[in-house]
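Enquirer: Contents of query06.csv (CSV, C-alpha atoms):
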```
chain,number,residue,atom,x,y,z
J,927,MET,CA,-13.7,-14.5,-8.7
J,928,ALA,CA,-14.1,-13.9,-4.9
J,929,ALA,CA,-12.8,-10.5,-3.7
J,930,ILE,CA,-9.5,-10.5,-1.7
J,931,ILE,CA,-10.7,-7.4,0.2
J,932,GLU,CA,-14.3,-6.7,1.2
J,933,VAL,CA,-15.1,-3.4,3.0
J,934,GLU,CA,-18.7,-3.2,4.3
J,935,ASN,CA,-20.3,-0.1,5.8
J,936,LEU,CA,-17.1,1.0,7.4
J,937,SER,CA,-17.1,4.0,9.8
J,938,LYS,CA,-14.4,5.4,12.1
J,939,LEU,CA,-14.9,8.0,14.8
J,940,TYR,CA,-12.2,9.6,17.0
J,941,GLY,CA,-12.6,11.5,20.2
J,942,ARG,CA,-15.3,11.5,22.8
J,943,GLN,CA,-18.9,12.8,23.1
J,944,GLY,CA,-19.0,16.5,22.4
J,945,ALA,CA,-15.7,16.4,20.4
J,946,VAL,CA,-16.1,13.6,17.9
J,947,CYS,CA,-14.2,13.6,14.6
J,948,ARG,CA,-15.6,11.4,11.8
J,949,ALA,CA,-12.7,10.0,9.8
J,950,LEU,CA,-14.8,7.5,7.7
J,951,HIS,CA,-18.5,7.2,7.1
J,952,GLU,CA,-20.2,4.1,5.8
J,953,VAL,CA,-17.6,3.2,3.2
J,954,SER,CA,-18.1,0.0,1.1
J,955,PHE,CA,-16.3,-1.5,-1.8
J,956,GLU,CA,-14.5,-4.7,-3.0
J,957,ILE,CA,-11.1,-5.3,-4.4
J,958,GLN,CA,-10.3,-8.3,-6.6
J,959,PRO,CA,-7.1,-10.5,-6.3
J,960,GLY,CA,-4.2,-9.0,-8.3
J,961,ALA,CA,-5.7,-5.5,-8.6
J,962,PHE,CA,-3.7,-2.3,-8.3
J,963,VAL,CA,-5.9,0.2,-6.6
J,964,ALA,CA,-5.3,3.8,-5.4
J,965,PHE,CA,-7.2,5.9,-2.9
J,966,MET,CA,-6.9,9.7,-3.5
J,967,GLY,CA,-8.2,12.7,-1.6
J,968,PRO,CA,-7.0,15.8,0.2
J,969,SER,CA,-5.3,15.7,3.6
J,970,GLY,CA,-7.9,14.7,6.2
J,971,SER,CA,-10.1,12.8,3.7
J,972,GLY,CA,-9.6,9.5,5.4
J,973,LYS,CA,-7.1,7.8,3.1
J,974,THR,CA,-4.6,6.8,5.7
J,975,THR,CA,-7.3,5.8,8.2
J,976,LEU,CA,-8.9,3.5,5.6
J,977,LEU,CA,-5.5,2.0,4.7
J,978,ASN,CA,-4.7,1.4,8.4
J,979,ILE,CA,-8.1,-0.3,9.0
J,980,MET,CA,-7.9,-2.5,5.9
J,981,SER,CA,-4.4,-3.6,7.0
J,982,THR,CA,-5.5,-4.3,10.6
J,983,ILE,CA,-3.3,-1.6,12.1
J,984,ASP,CA,-6.4,0.1,13.3
J,985,LYS,CA,-10.0,-1.0,14.1
J,986,PRO,CA,-13.3,0.5,12.8
J,987,THR,CA,-16.0,2.0,14.9
J,988,GLN,CA,-18.6,0.3,12.7
J,989,GLY,CA,-18.6,-2.1,9.8
J,990,ARG,CA,-16.2,-4.8,8.9
J,991,VAL,CA,-13.2,-5.7,6.7
J,992,ILE,CA,-12.9,-9.2,5.2
J,993,ILE,CA,-9.4,-10.2,4.0
J,994,ALA,CA,-9.1,-13.4,2.0
J,995,GLY,CA,-12.5,-14.6,3.4
J,996,ARG,CA,-11.7,-13.8,7.0
J,997,ASP,CA,-13.6,-11.1,8.9
J,998,THR,CA,-10.8,-9.2,10.6
J,999,THR,CA,-13.1,-7.5,13.1
J,1000,LEU,CA,-13.8,-10.9,14.7
J,1001,LEU,CA,-10.2,-12.1,15.0
J,1002,LYS,CA,-8.3,-12.1,18.2
J,1003,GLU,CA,-4.9,-10.3,18.4
J,1004,LYS,CA,-2.9,-13.6,17.9
J,1005,GLU,CA,-5.0,-14.4,14.9
J,1006,LEU,CA,-4.5,-10.9,13.5
J,1007,ALA,CA,-0.8,-11.2,14.0
J,1008,LEU,CA,-0.7,-14.4,12.0
J,1009,LEU,CA,-2.9,-12.8,9.2
J,1010,ARG,CA,-0.5,-9.9,9.0
J,1011,ARG,CA,2.5,-12.2,8.8
J,1012,ASP,CA,1.0,-14.5,6.2
J,1013,ALA,CA,-1.2,-12.2,4.0
J,1014,ILE,CA,-0.3,-8.6,4.5
J,1015,GLY,CA,2.7,-6.4,3.6
J,1016,PHE,CA,2.9,-2.6,4.5
J,1017,VAL,CA,5.1,0.1,3.0
J,1018,PHE,CA,5.5,3.4,4.7
J,1019,GLN,CA,6.5,6.8,3.2
J,1020,ASP,CA,9.5,7.1,5.6
J,1021,PHE,CA,10.9,3.6,4.7
J,1022,ASN,CA,11.3,2.3,8.4
J,1023,LEU,CA,14.5,0.6,7.6
J,1024,LEU,CA,16.9,-0.3,10.4
J,1025,ASP,CA,20.0,1.9,10.1
J,1026,ASN,CA,22.3,-0.6,11.9
J,1027,MET,CA,21.5,-3.4,9.5
J,1028,ALA,CA,22.7,-3.9,5.9
J,1029,ILE,CA,20.0,-3.8,3.2
J,1030,GLN,CA,20.1,-7.6,2.8
J,1031,ASP,CA,19.4,-8.1,6.4
J,1032,ASN,CA,16.7,-5.5,6.5
J,1033,ILE,CA,14.9,-7.3,3.6
J,1034,ALA,CA,15.4,-10.7,5.2
J,1035,LEU,CA,14.3,-9.7,8.7
J,1036,PRO,CA,10.7,-11.0,8.5
J,1037,LEU,CA,11.9,-14.4,7.4
J,1038,THR,CA,14.7,-14.5,9.9
J,1039,LEU,CA,12.2,-13.8,12.7
J,1040,ASN,CA,10.1,-16.7,11.4
J,1041,ASN,CA,13.0,-19.1,11.4
J,1042,VAL,CA,13.0,-19.7,7.7
J,1043,ARG,CA,15.9,-21.7,6.3
J,1044,THR,CA,18.9,-19.6,5.3
J,1045,GLU,CA,19.0,-21.0,1.8
J,1046,GLU,CA,15.3,-20.0,1.2
J,1047,ILE,CA,15.9,-16.5,2.7
J,1048,LEU,CA,18.9,-15.9,0.4
J,1049,ARG,CA,16.9,-17.1,-2.6
J,1050,ARG,CA,14.0,-14.8,-1.9
J,1051,VAL,CA,16.2,-11.8,-1.2
J,1052,GLU,CA,18.1,-12.3,-4.4
J,1053,GLU,CA,14.9,-12.7,-6.4
J,1054,LEU,CA,13.3,-9.5,-5.1
J,1055,SER,CA,16.4,-7.4,-5.1
J,1056,LEU,CA,16.9,-8.3,-8.8
J,1057,LEU,CA,13.2,-7.4,-9.5
J,1058,PHE,CA,13.6,-4.1,-7.8
J,1059,GLY,CA,17.0,-3.3,-9.2
J,1060,ILE,CA,18.9,-3.1,-5.9
J,1061,ASP,CA,20.9,-6.3,-6.1
J,1062,ASN,CA,24.1,-4.3,-6.1
J,1063,GLN,CA,23.1,-2.5,-2.9
J,1064,LEU,CA,22.5,-5.5,-0.6
J,1065,HIS,CA,25.7,-5.0,1.5
J,1066,LYS,CA,25.3,-1.3,1.9
J,1067,TYR,CA,23.5,0.4,4.8
J,1068,PRO,CA,20.3,2.6,4.5
J,1069,TYR,CA,22.3,5.9,4.9
J,1070,GLN,CA,24.3,4.9,1.8
J,1071,LEU,CA,21.2,4.6,-0.4
J,1072,SER,CA,19.1,7.2,-2.3
J,1073,GLY,CA,15.5,7.7,-1.3
J,1074,GLY,CA,14.3,5.6,-4.2
J,1075,GLN,CA,16.7,2.8,-3.3
J,1076,LYS,CA,15.5,2.9,0.3
J,1077,GLN,CA,11.9,2.7,-0.7
J,1078,ARG,CA,12.6,-0.3,-3.0
J,1079,ALA,CA,14.4,-2.1,-0.1
J,1080,ALA,CA,11.4,-1.4,2.1
J,1081,ILE,CA,9.0,-2.9,-0.6
J,1082,CYS,CA,11.3,-5.9,-0.9
J,1083,ARG,CA,11.0,-6.4,2.9
J,1084,ALA,CA,7.2,-6.1,2.7
J,1085,LEU,CA,7.1,-8.7,-0.1
J,1086,ILE,CA,9.6,-11.2,1.3
J,1087,ASN,CA,6.8,-13.2,3.0
J,1088,GLN,CA,5.0,-13.3,-0.3
J,1089,PRO,CA,1.8,-11.6,1.1
J,1090,LYS,CA,-1.5,-11.6,-0.8
J,1091,ILE,CA,-1.9,-7.9,-0.3
J,1092,LEU,CA,0.6,-5.0,-0.2
J,1093,PHE,CA,-0.5,-1.8,1.4
J,1094,ALA,CA,1.4,1.4,0.6
J,1095,ASP,CA,0.9,4.8,2.3
J,1096,GLU,CA,2.2,7.6,0.0
J,1097,PRO,CA,5.1,5.4,-1.2
J,1098,THR,CA,6.3,8.1,-3.7
J,1099,GLY,CA,5.8,11.1,-1.4
J,1100,ALA,CA,9.5,11.4,-0.6
J,1101,LEU,CA,10.8,10.6,-4.1
J,1102,ASP,CA,11.6,12.7,-7.2
J,1103,SER,CA,9.7,12.1,-10.4
J,1104,ARG,CA,12.1,9.6,-11.9
J,1105,ALA,CA,12.5,7.5,-8.7
J,1106,ALA,CA,8.7,7.5,-8.3
J,1107,SER,CA,8.1,6.3,-11.9
J,1108,GLU,CA,10.7,3.5,-11.4
J,1109,LEU,CA,9.1,2.5,-8.1
J,1110,LEU,CA,5.6,2.3,-9.6
J,1111,ALA,CA,6.8,0.2,-12.5
J,1112,CYS,CA,8.3,-2.2,-9.9
J,1113,PHE,CA,4.9,-2.4,-8.2
J,1114,GLN,CA,3.4,-3.4,-11.5
J,1115,ASN,CA,6.1,-6.0,-12.0
J,1116,ALA,CA,5.6,-7.5,-8.5
J,1117,ARG,CA,1.8,-7.6,-9.1
J,1118,ASN,CA,2.3,-9.4,-12.4
J,1119,LEU,CA,4.9,-11.8,-11.1
J,1120,TYR,CA,3.3,-12.7,-7.8
J,1121,ASN,CA,-0.4,-11.7,-8.4
J,1122,THR,CA,0.0,-9.5,-5.3
J,1123,THR,CA,-2.9,-7.1,-4.7
J,1124,VAL,CA,-1.5,-3.6,-4.3
J,1125,VAL,CA,-3.5,-0.9,-2.4
J,1126,MET,CA,-2.0,2.5,-2.3
J,1127,ALA,CA,-3.0,5.9,-0.7
J,1128,THR,CA,-1.6,8.9,-2.6
J,1129,HIS,CA,-1.9,12.6,-3.4
J,1130,ASP,CA,-0.1,12.0,-6.7
J,1131,ALA,CA,-2.2,11.8,-9.9
J,1132,SER,CA,0.8,10.4,-11.7
J,1133,ALA,CA,1.3,7.6,-9.2
J,1134,ALA,CA,-2.5,6.9,-9.3
J,1135,SER,CA,-2.3,6.6,-13.2
J,1136,TYR,CA,-0.3,3.4,-12.8
J,1137,CYS,CA,-3.3,1.7,-11.1
J,1138,ASP,CA,-6.3,-0.2,-12.5
J,1139,ARG,CA,-8.7,1.8,-10.4
J,1140,VAL,CA,-8.7,5.0,-8.4
J,1141,MET,CA,-11.3,5.7,-5.6
J,1142,PHE,CA,-11.6,9.3,-4.4
J,1143,LEU,CA,-12.4,10.1,-0.8
J,1144,LYS,CA,-13.7,13.4,0.6
J,1145,ASP,CA,-14.9,13.9,4.2
J,1146,GLY,CA,-14.5,10.2,5.0
J,1147,MET,CA,-16.7,9.0,2.1
J,1148,ILE,CA,-16.1,7.5,-1.3
J,1149,CYS,CA,-17.2,10.3,-3.7
J,1150,GLY,CA,-15.9,9.1,-7.1
J,1151,ARG,CA,-14.3,6.1,-8.9
J,1152,LEU,CA,-12.3,5.8,-12.1
J,1153,GLU,CA,-11.3,2.6,-14.0
J,1154,SER,CA,-8.2,2.6,-16.3
J,1155,SER,CA,-8.6,1.5,-19.9
J,1156,GLY,CA,-4.9,0.7,-20.0
J,1157,ASN,CA,-3.7,4.1,-21.4
J,1158,ALA,CA,-1.8,5.7,-18.5
J,1159,GLY,CA,-1.7,9.1,-20.2
J,1160,GLN,CA,-5.5,9.3,-20.7
J,1161,PHE,CA,-6.1,7.9,-17.2
J,1162,PHE,CA,-3.8,10.6,-15.7
J,1163,LYS,CA,-5.9,13.3,-17.4
J,1164,LYS,CA,-9.1,11.8,-16.1
J,1165,ILE,CA,-7.7,11.7,-12.6
J,1166,LEU,CA,-6.7,15.4,-12.8
J,1167,ASP,CA,-10.2,16.2,-14.1
J,1168,MET,CA,-11.8,14.3,-11.2
J,1169,VAL,CA,-9.5,16.0,-8.6
J,1170,ALA,CA,-10.5,19.4,-10.1
J,1171,VAL,CA,-14.2,18.6,-9.9
J,1172,LEU,CA,-13.8,17.5,-6.3
J,1173,GLY,CA,-11.9,20.6,-5.4
J,1174,GLY,CA,-8.7,18.8,-4.2
J,1175,LYS,CA,-5.1,19.2,-5.1
J,1176,SER,CA,-2.7,16.8,-6.8
J,1177,ASN,CA,0.9,16.6,-7.6
J,1178,GLU,CA,0.9,17.0,-11.5
J,1179,ARG,CA,4.2,15.3,-12.4
J,1180,PHE,CA,3.2,12.9,-15.2
```
Output the structure of this file as C-alpha cells.
Expert:
Amino acid sequence: MAAIIEVENLSKLYGRQGAVCRALHEVSFEIQPGAFVAFMGPSGSGKTTLLNIMSTIDKPTQGRVIIAGRDTTLLKEKELALLRRDAIGFVFQDFNLLDNMAIQDNIALPLTLNNVRTEEILRRVEELSLLFGIDNQLHKYPYQLSGGQKQRAAICRALINQPKILFADEPTGALDSRAASELLACFQNARNLYNTTVVMATHDASAASYCDRVMFLKDGMICGRLESSGNAGQFFKKILDMVAVLGGKSNERF
C-alpha cells in the first residue's frame, strides 16, 4: 500500500547567518493510510515544526513532503489551499472555535464556505456530533461547553470535509485525564469509521499509547520509534521507558 505521507530528508532552519536555529535535521519516514501516529519529544525538539510542515502551514528549508502522491514543496499557493481543503484537517490545542457562533455553525463552517448543500451539511454535522458525543450541545456556544466538549467540536470541524489526514497539535494538553481519554477514543473511532490518518504531536505518554506508532524527536532528529502490539498498557510502559532513556519528561496519567 502506498504511503499517505512521505517525508524525505526534511530540514528546517530559522534565523539568519550567525544566528541560525536548526529546528529539524534530515528527517525521513513514511506513514500509511489509516494509521494513528504520535510524535513525542521535549519542548524545542521539533514536534510542532514537523507537524506544521507536514500540514503545509510551514515550508521546509530542505527536503520534501509528499501528501497523497503530491509533492507539497512544488505546489503553488492556490494548489496548496485546495489540498488543505480537500485532504487535510488540523486541530489546535486552544480549539480556535468562533465564540459568536453556535457549535453547529462552528462545525459546519468549512462546508458553508464551500457552498455545500444545506441537507448535506446537516447530515455530516449530525453524523460527527453523534460520533463525538456532542449532539446535545449543537445549539450552545463555545463558552457554554467544557474543554473536552470544545475540543470534540474542533475535531468535528476538522473532519467535516472528510480529509484523508487529521493533524493534531497537543490535542489533550488542556484537558483532564477523563476528557483526554474520551477524546482519544473518539480519534480511534473516527480513524476506524473514515479510515482517516491521524498524526499527533504530544508530551503525554498516555495519549501516545492510543496510537499504532510513536516516533521520538530530540534536537530536531528522529531518535527512536515504537510500534504498538495492540496492548495499550504495555505500550504505555514502553513509551515511558523510551522517554526515560532519551532524558525527556512525560505526563504520566495512564
Enquirer: Each residue of region 992-1059 of chain J with at least one atom at most 10 Å from region 963-985 of chain J should appear once, together with its nearest atom pair and the corresponding distance in Å (one decimal); atoms considered: only C-alpha atoms; ordering: chain, then increasing residue number; output as a Markdown table.
Expert:
```
| residue | atom | partner | partner_atom | distance |
| --- | --- | --- | --- | --- |
| J:Ile992 | CA | J:Met980 | CA | 8.4 |
| J:Ile993 | CA | J:Met980 | CA | 8.1 |
| J:Thr998 | CA | J:Thr982 | CA | 7.2 |
| J:Thr999 | CA | J:Lys985 | CA | 7.3 |
| J:Glu1003 | CA | J:Thr982 | CA | 9.9 |
| J:Leu1006 | CA | J:Thr982 | CA | 7.3 |
| J:Ala1007 | CA | J:Thr982 | CA | 9.0 |
| J:Leu1009 | CA | J:Thr982 | CA | 9.0 |
| J:Arg1010 | CA | J:Ser981 | CA | 7.7 |
| J:Ala1013 | CA | J:Ser981 | CA | 9.7 |
| J:Ile1014 | CA | J:Ser981 | CA | 6.9 |
| J:Gly1015 | CA | J:Ser981 | CA | 8.4 |
| J:Phe1016 | CA | J:Ser981 | CA | 7.8 |
```
Enquirer: What is the distance between CA of Asp1138 (chain J) and CA of Glu1153 (chain J), in Å to one decimal?
Expert: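 Distance between the two atoms: 5.9 Å.
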Enquirer: Excluding Asp1102 (chain J) and residues on its chain fewer than 3 positions from it, collect all residues at most 10 Å away from it, counting all atoms listed in the file, and give them as JSON, numbers by chain.
Expert: {"J": [1073, 1074, 1098, 1099, 1105, 1106, 1107, 1179]}
Enquirer: Nearest residue to Gln1114 (chain J) out of J:Gly960, J:Arg1083, J:Phe1093, J:Asn1022, using all atoms listed in the file?
Expert: J:Gly960
Enquirer: What is the CA of Ser1154 (chain J) to CA of Ile931 (chain J) distance in Å?
Expert: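 The value is 19.5 Å.
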Enquirer: How many Å separate CA of Ala1170 (chain J) from CA of Leu950 (chain J)?
Expert: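 Going from CA of Ala1170 (chain J) over to CA of Leu950 (chain J), I get 21.8 Å.
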Enquirer: Between J:Glu932, J:Leu1035, J:Gly1146, J:Thr1044, single out the one closest to Asp997 (chain J), counting all atoms listed in the file.
Expert: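 Smallest distance to Asp997 (chain J) is found for J:Glu932.
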Enquirer: When you look at Ala1134 (chain J) with a cut-off of 12 Å (counting all atoms listed in the file), what residues show up, excluding the ones that are within fewer than 2 positions of it in the same chain? I need them as a PyMOL selection string.
Expert: chain J and resi 962-967+1094+1096-1098+1106-1107+1110-1111+1113+1124-1132+1136-1142+1151-1154+1158-1159+1161-1166+1169+1176-1180
Enquirer: Please dump the current selection as an mmCIF file, in the frame of the given file; keep C-alpha atoms.
Expert:
```cif
data_model
loop_
_atom_site.group_PDB
_atom_site.id
_atom_site.type_symbol
_atom_site.label_atom_id
_atom_site.label_comp_id
_atom_site.auth_asym_id
_atom_site.auth_seq_id
_atom_site.Cartn_x
_atom_site.Cartn_y
_atom_site.Cartn_z
ATOM 1 C CA PHE J 962 -3.700 -2.300 -8.300
ATOM 2 C CA VAL J 963 -5.900 0.200 -6.600
ATOM 3 C CA ALA J 964 -5.300 3.800 -5.400
ATOM 4 C CA PHE J 965 -7.200 5.900 -2.900
ATOM 5 C CA MET J 966 -6.900 9.700 -3.500
ATOM 6 C CA GLY J 967 -8.200 12.700 -1.600
ATOM 7 C CA ALA J 1094 1.400 1.400 0.600
ATOM 8 C CA GLU J 1096 2.200 7.600 0.000
ATOM 9 C CA PRO J 1097 5.100 5.400 -1.200
ATOM 10 C CA THR J 1098 6.300 8.100 -3.700
ATOM 11 C CA ALA J 1106 8.700 7.500 -8.300
ATOM 12 C CA SER J 1107 8.100 6.300 -11.900
ATOM 13 C CA LEU J 1110 5.600 2.300 -9.600
ATOM 14 C CA ALA J 1111 6.800 0.200 -12.500
ATOM 15 C CA PHE J 1113 4.900 -2.400 -8.200
ATOM 16 C CA VAL J 1124 -1.500 -3.600 -4.300
ATOM 17 C CA VAL J 1125 -3.500 -0.900 -2.400
ATOM 18 C CA MET J 1126 -2.000 2.500 -2.300
ATOM 19 C CA ALA J 1127 -3.000 5.900 -0.700
ATOM 20 C CA THR J 1128 -1.600 8.900 -2.600
ATOM 21 C CA HIS J 1129 -1.900 12.600 -3.400
ATOM 22 C CA ASP J 1130 -0.100 12.000 -6.700
ATOM 23 C CA ALA J 1131 -2.200 11.800 -9.900
ATOM 24 C CA SER J 1132 0.800 10.400 -11.700
ATOM 25 C CA TYR J 1136 -0.300 3.400 -12.800
ATOM 26 C CA CYS J 1137 -3.300 1.700 -11.100
ATOM 27 C CA ASP J 1138 -6.300 -0.200 -12.500
ATOM 28 C CA ARG J 1139 -8.700 1.800 -10.400
ATOM 29 C CA VAL J 1140 -8.700 5.000 -8.400
ATOM 30 C CA MET J 1141 -11.300 5.700 -5.600
ATOM 31 C CA PHE J 1142 -11.600 9.300 -4.400
ATOM 32 C CA ARG J 1151 -14.300 6.100 -8.900
ATOM 33 C CA LEU J 1152 -12.300 5.800 -12.100
ATOM 34 C CA GLU J 1153 -11.300 2.600 -14.000
ATOM 35 C CA SER J 1154 -8.200 2.600 -16.300
ATOM 36 C CA ALA J 1158 -1.800 5.700 -18.500
ATOM 37 C CA GLY J 1159 -1.700 9.100 -20.200
ATOM 38 C CA PHE J 1161 -6.100 7.900 -17.200
ATOM 39 C CA PHE J 1162 -3.800 10.600 -15.700
ATOM 40 C CA LYS J 1163 -5.900 13.300 -17.400
ATOM 41 C CA LYS J 1164 -9.100 11.800 -16.100
ATOM 42 C CA ILE J 1165 -7.700 11.700 -12.600
ATOM 43 C CA LEU J 1166 -6.700 15.400 -12.800
ATOM 44 C CA VAL J 1169 -9.500 16.000 -8.600
ATOM 45 C CA SER J 1176 -2.700 16.800 -6.800
ATOM 46 C CA ASN J 1177 0.900 16.600 -7.600
ATOM 47 C CA GLU J 1178 0.900 17.000 -11.500
ATOM 48 C CA ARG J 1179 4.200 15.300 -12.400
ATOM 49 C CA PHE J 1180 3.200 12.900 -15.200
#
```
Enquirer: Could you check which of J:Asn1115, J:Gln1077, J:Ser954, J:Gln1070 is closest to Arg990 (chain J), using all atoms listed in the file?
Expert: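 With all atoms listed in the file as the atom set, the closest residue is J:Ser954.
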Enquirer: For Ile1033 (chain J), work out the shell of residues within 7 Å, counting only C-alpha atoms and skipping chain neighbours fewer than 6 positions away, then give it as a PyMOL selection string.
Expert: chain J and resi 1051+1079+1082-1083+1086
Enquirer: Output C-alpha atoms for every residue in that selection, as a JSON list (two decimals), in the frame of the given file.
Expert:
```json
[["chain", "number", "residue", "atom", "x", "y", "z"],
["J", 1051, "VAL", "CA", 16.20, -11.80, -1.20],
["J", 1079, "ALA", "CA", 14.40, -2.10, -0.10],
["J", 1082, "CYS", "CA", 11.30, -5.90, -0.90],
["J", 1083, "ARG", "CA", 11.00, -6.40, 2.90],
["J", 1086, "ILE", "CA", 9.60, -11.20, 1.30]]
```
Enquirer: Region 1023-1069 of chain J from the block above, C-alpha atoms, as a PDB file, in the first residue's frame, please?
Expert:
```pdb
ATOM      1  CA  LEU J1023     -13.734  27.974  17.835  1.00  0.00           C
ATOM      2  CA  LEU J1024     -15.610  31.179  16.979  1.00  0.00           C
ATOM      3  CA  ASP J1025     -17.273  32.486  20.149  1.00  0.00           C
ATOM      4  CA  ASN J1026     -20.102  34.282  18.322  1.00  0.00           C
ATOM      5  CA  MET J1027     -21.278  31.132  16.512  1.00  0.00           C
ATOM      6  CA  ALA J1028     -23.194  28.144  17.864  1.00  0.00           C
ATOM      7  CA  ILE J1029     -21.351  24.814  17.915  1.00  0.00           C
ATOM      8  CA  GLN J1030     -23.377  23.530  14.960  1.00  0.00           C
ATOM      9  CA  ASP J1031     -22.321  26.530  12.888  1.00  0.00           C
ATOM     10  CA  ASN J1032     -18.686  26.228  14.005  1.00  0.00           C
ATOM     11  CA  ILE J1033     -18.598  22.617  12.840  1.00  0.00           C
ATOM     12  CA  ALA J1034     -20.399  23.396   9.581  1.00  0.00           C
ATOM     13  CA  LEU J1035     -18.258  26.429   8.701  1.00  0.00           C
ATOM     14  CA  PRO J1036     -15.850  24.730   6.229  1.00  0.00           C
ATOM     15  CA  LEU J1037     -18.764  23.270   4.260  1.00  0.00           C
ATOM     16  CA  THR J1038     -20.695  26.551   4.369  1.00  0.00           C
ATOM     17  CA  LEU J1039     -17.682  28.359   2.898  1.00  0.00           C
ATOM     18  CA  ASN J1040     -17.531  25.735   0.134  1.00  0.00           C
ATOM     19  CA  ASN J1041     -21.244  26.213  -0.719  1.00  0.00           C
ATOM     20  CA  VAL J1042     -22.200  22.622   0.093  1.00  0.00           C
ATOM     21  CA  ARG J1043     -25.931  21.906   0.095  1.00  0.00           C
ATOM     22  CA  THR J1044     -27.664  22.538   3.430  1.00  0.00           C
ATOM     23  CA  GLU J1045     -29.040  18.992   3.590  1.00  0.00           C
ATOM     24  CA  GLU J1046     -25.550  17.521   3.226  1.00  0.00           C
ATOM     25  CA  ILE J1047     -24.123  19.916   5.812  1.00  0.00           C
ATOM     26  CA  LEU J1048     -26.771  18.941   8.367  1.00  0.00           C
ATOM     27  CA  ARG J1049     -26.234  15.233   7.651  1.00  0.00           C
ATOM     28  CA  ARG J1050     -22.482  15.456   8.232  1.00  0.00           C
ATOM     29  CA  VAL J1051     -22.817  17.623  11.347  1.00  0.00           C
ATOM     30  CA  GLU J1052     -25.293  15.152  12.836  1.00  0.00           C
ATOM     31  CA  GLU J1053     -23.105  12.151  11.998  1.00  0.00           C
ATOM     32  CA  LEU J1054     -19.943  13.638  13.515  1.00  0.00           C
ATOM     33  CA  SER J1055     -21.636  15.140  16.573  1.00  0.00           C
ATOM     34  CA  LEU J1056     -23.127  11.723  17.373  1.00  0.00           C
ATOM     35  CA  LEU J1057     -19.741  10.038  16.901  1.00  0.00           C
ATOM     36  CA  PHE J1058     -18.069  12.523  19.255  1.00  0.00           C
ATOM     37  CA  GLY J1059     -20.907  12.656  21.769  1.00  0.00           C
ATOM     38  CA  ILE J1060     -21.789  16.334  21.437  1.00  0.00           C
ATOM     39  CA  ASP J1061     -25.112  16.018  19.593  1.00  0.00           C
ATOM     40  CA  ASN J1062     -26.870  17.628  22.591  1.00  0.00           C
ATOM     41  CA  GLN J1063     -24.523  20.628  22.507  1.00  0.00           C
ATOM     42  CA  LEU J1064     -25.020  21.811  18.927  1.00  0.00           C
ATOM     43  CA  HIS J1065     -27.133  24.861  19.763  1.00  0.00           C
ATOM     44  CA  LYS J1066     -24.870  26.052  22.574  1.00  0.00           C
ATOM     45  CA  TYR J1067     -21.968  28.479  22.225  1.00  0.00           C
ATOM     46  CA  PRO J1068     -18.295  27.658  22.956  1.00  0.00           C
ATOM     47  CA  TYR J1069     -18.307  29.475  26.318  1.00  0.00           C
TER      48      TYR J1069
END
```
